[in-house]
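Asks: Here you go, this is protein31.pdb (PDB, C-alpha atoms, pLDDT in the B column).
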ATOM      1  CA  MET G   1       1.370 -69.569 -28.133  1.00 55.00           C
ATOM      2  CA  GLN G   2       0.446 -65.962 -28.798  1.00 67.00           C
ATOM      3  CA  TYR G   3       1.848 -64.034 -31.711  1.00 71.00           C
ATOM      4  CA  ASN G   4       4.117 -61.176 -30.598  1.00 66.00           C
ATOM      5  CA  LYS G   5       3.558 -58.365 -33.119  1.00 70.00           C
ATOM      6  CA  ARG G   6       6.082 -55.901 -31.784  1.00 74.00           C
ATOM      7  CA  LYS G   7       8.672 -58.507 -30.835  1.00 75.00           C
ATOM      8  CA  ILE G   8       8.864 -57.243 -27.280  1.00 75.00           C
ATOM      9  CA  ARG G   9      11.180 -59.279 -25.091  1.00 74.00           C
ATOM     10  CA  LYS G  10      10.488 -59.467 -21.400  1.00 71.00           C
ATOM     11  CA  ILE G  11      13.626 -59.223 -19.302  1.00 70.00           C
ATOM     12  CA  ASN G  12      13.563 -60.916 -15.938  1.00 70.00           C
ATOM     13  CA  ASP G  13      14.742 -58.096 -13.706  1.00 68.00           C
ATOM     14  CA  LYS G  14      14.692 -58.382  -9.932  1.00 74.00           C
ATOM     15  CA  LYS G  15      12.262 -55.906  -8.452  1.00 77.00           C
ATOM     16  CA  VAL G  16      11.559 -54.842  -4.888  1.00 77.00           C
ATOM     17  CA  LEU G  17       8.243 -53.441  -3.683  1.00 80.00           C
ATOM     18  CA  LYS G  18       8.507 -50.483  -1.322  1.00 79.00           C
ATOM     19  CA  LYS G  19       5.550 -48.872   0.406  1.00 81.00           C
ATOM     20  CA  VAL G  20       5.462 -45.085   0.099  1.00 77.00           C
ATOM     21  CA  LYS G  21       2.606 -43.680   2.167  1.00 84.00           C
ATOM     22  CA  ARG G  22      -0.374 -45.643   0.827  1.00 83.00           C
ATOM     23  CA  ASN G  23       1.095 -46.707  -2.521  1.00 81.00           C
ATOM     24  CA  TRP G  24       3.389 -49.554  -3.462  1.00 78.00           C
ATOM     25  CA  VAL G  25       6.353 -48.533  -5.597  1.00 78.00           C
ATOM     26  CA  VAL G  26       8.385 -50.929  -7.722  1.00 78.00           C
ATOM     27  CA  ALA G  27      12.106 -50.361  -7.314  1.00 73.00           C
ATOM     28  CA  SER G  28      14.424 -52.400  -9.496  1.00 72.00           C
ATOM     29  CA  ILE G  29      18.025 -53.225  -8.705  1.00 72.00           C
ATOM     30  CA  SER G  30      19.213 -51.127 -11.631  1.00 72.00           C
ATOM     31  CA  SER G  31      17.490 -48.043 -10.187  1.00 75.00           C
ATOM     32  CA  PHE G  32      19.194 -48.656  -6.825  1.00 75.00           C
ATOM     33  CA  ALA G  33      22.548 -48.817  -8.603  1.00 80.00           C
ATOM     34  CA  PHE G  34      21.777 -45.642 -10.563  1.00 81.00           C
ATOM     35  CA  PHE G  35      20.749 -43.613  -7.515  1.00 82.00           C
ATOM     36  CA  GLY G  36      23.640 -45.026  -5.519  1.00 83.00           C
ATOM     37  CA  ALA G  37      26.100 -43.838  -8.171  1.00 84.00           C
ATOM     38  CA  ILE G  38      24.529 -40.372  -8.199  1.00 84.00           C
ATOM     39  CA  GLY G  39      24.702 -40.190  -4.408  1.00 83.00           C
ATOM     40  CA  PHE G  40      28.333 -41.253  -4.432  1.00 81.00           C
ATOM     41  CA  THR G  41      29.312 -38.573  -6.954  1.00 80.00           C
ATOM     42  CA  LEU G  42      27.518 -35.887  -4.952  1.00 77.00           C
ATOM     43  CA  VAL G  43      29.234 -36.919  -1.728  1.00 75.00           C
ATOM     44  CA  SER G  44      32.678 -37.303  -3.279  1.00 70.00           C
ATOM     45  CA  ASN G  45      32.702 -33.786  -4.777  1.00 66.00           C
ATOM     46  CA  HIS G  46      35.082 -31.827  -2.576  1.00 67.00           C
ATOM     47  CA  THR G  47      34.512 -28.111  -2.816  1.00 66.00           C
ATOM     48  CA  GLU G  48      36.876 -25.954  -0.807  1.00 69.00           C
ATOM     49  CA  ALA G  49      36.350 -22.335   0.106  1.00 68.00           C
ATOM     50  CA  LEU G  50      39.380 -20.389   1.255  1.00 69.00           C
ATOM     51  CA  ALA G  51      38.989 -17.085   3.056  1.00 69.00           C
ATOM     52  CA  ASP G  52      42.399 -15.691   2.113  1.00 64.00           C
ATOM     53  CA  SER G  53      42.280 -16.404  -1.595  1.00 56.00           C
ATOM     54  CA  TYR G  54      42.310 -12.727  -2.598  1.00 60.00           C
ATOM     55  CA  LYS G  55      45.123 -10.175  -2.380  1.00 63.00           C
ATOM     56  CA  ASN G  56      45.478  -8.148   0.782  1.00 64.00           C
ATOM     57  CA  GLN G  57      44.855  -4.513   0.007  1.00 67.00           C
ATOM     58  CA  PRO G  58      45.884  -1.749   2.408  1.00 69.00           C
ATOM     59  CA  VAL G  59      43.085  -0.060   4.308  1.00 68.00           C
ATOM     60  CA  VAL G  60      43.212   3.736   4.391  1.00 70.00           C
ATOM     61  CA  VAL G  61      41.950   5.238   7.627  1.00 71.00           C
ATOM     62  CA  GLY G  62      41.217   8.931   7.368  1.00 68.00           C
ATOM     63  CA  ASN G  63      40.653  11.471  10.114  1.00 66.00           C
ATOM     64  CA  SER G  64      37.280  13.058   9.929  1.00 61.00           C
ATOM     65  CA  THR G  65      37.158  16.359  11.733  1.00 63.00           C
ATOM     66  CA  ASN G  66      33.868  17.741  12.816  1.00 60.00           C
ATOM     67  CA  GLY G  67      33.313  21.458  12.956  1.00 55.00           C
ATOM     68  CA  ASN G  68      32.958  21.456  16.784  1.00 56.00           C
TER      69      ASN G  68
END
Before anything else, please render the file you have as structure tokens.

Replies:
Amino acid sequence: MQYNKRKIRKINDKKVLKKVKRNWVVASISSFAFFGAIGFTLVSNHTEALADSYKNQPVVVGNSTNGN
């Protein structure tokens, strides 16, 4: 048995290999959960824009007379 100097513990985490273009990328289940939570928070943010949220101000229409 080898001596472990830094006392590193290996955690058995389920990993999935995905092919991106020509490279294989390791995607763990925890990363899927993390990105899923971020996606959910971005989708669930409801931002409303109301057109009549400001006060109605009267419009002054003036007569412009030309020197004709």

Asks: Mind pulling up the distance from CA of Ser30 in chain G to CA of Lys15 in chain G?

Replies: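 Straight-line distance from CA of Lys15 in chain G to CA of Ser30 in chain G works out to 9.0 Å.
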
Asks: CA of Leu17 in chain G and CA of Ala37 in chain G are how many Å apart?

Replies: 20.8 Å

Asks: Please, what distance in Å, to one decimal, runs between CA of Ile11 in chain G and CA of Gly36 in chain G?

Replies: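 If I compute the distance from CA of Ile11 in chain G to CA of Gly36 in chain G, I get 22.2 Å.
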
Asks: Once you add 6 Å to each side, what are the centre and edge lengths of the axis-aligned box holding all listed atoms of range 3-15 of chain G? One decimal in Å, as AutoDock Vina command-line options, if you can.

Replies:
--center_x 8.3 --center_y -60.0 --center_z -20.8 --size_x 24.9 --size_y 20.1 --size_z 36.7
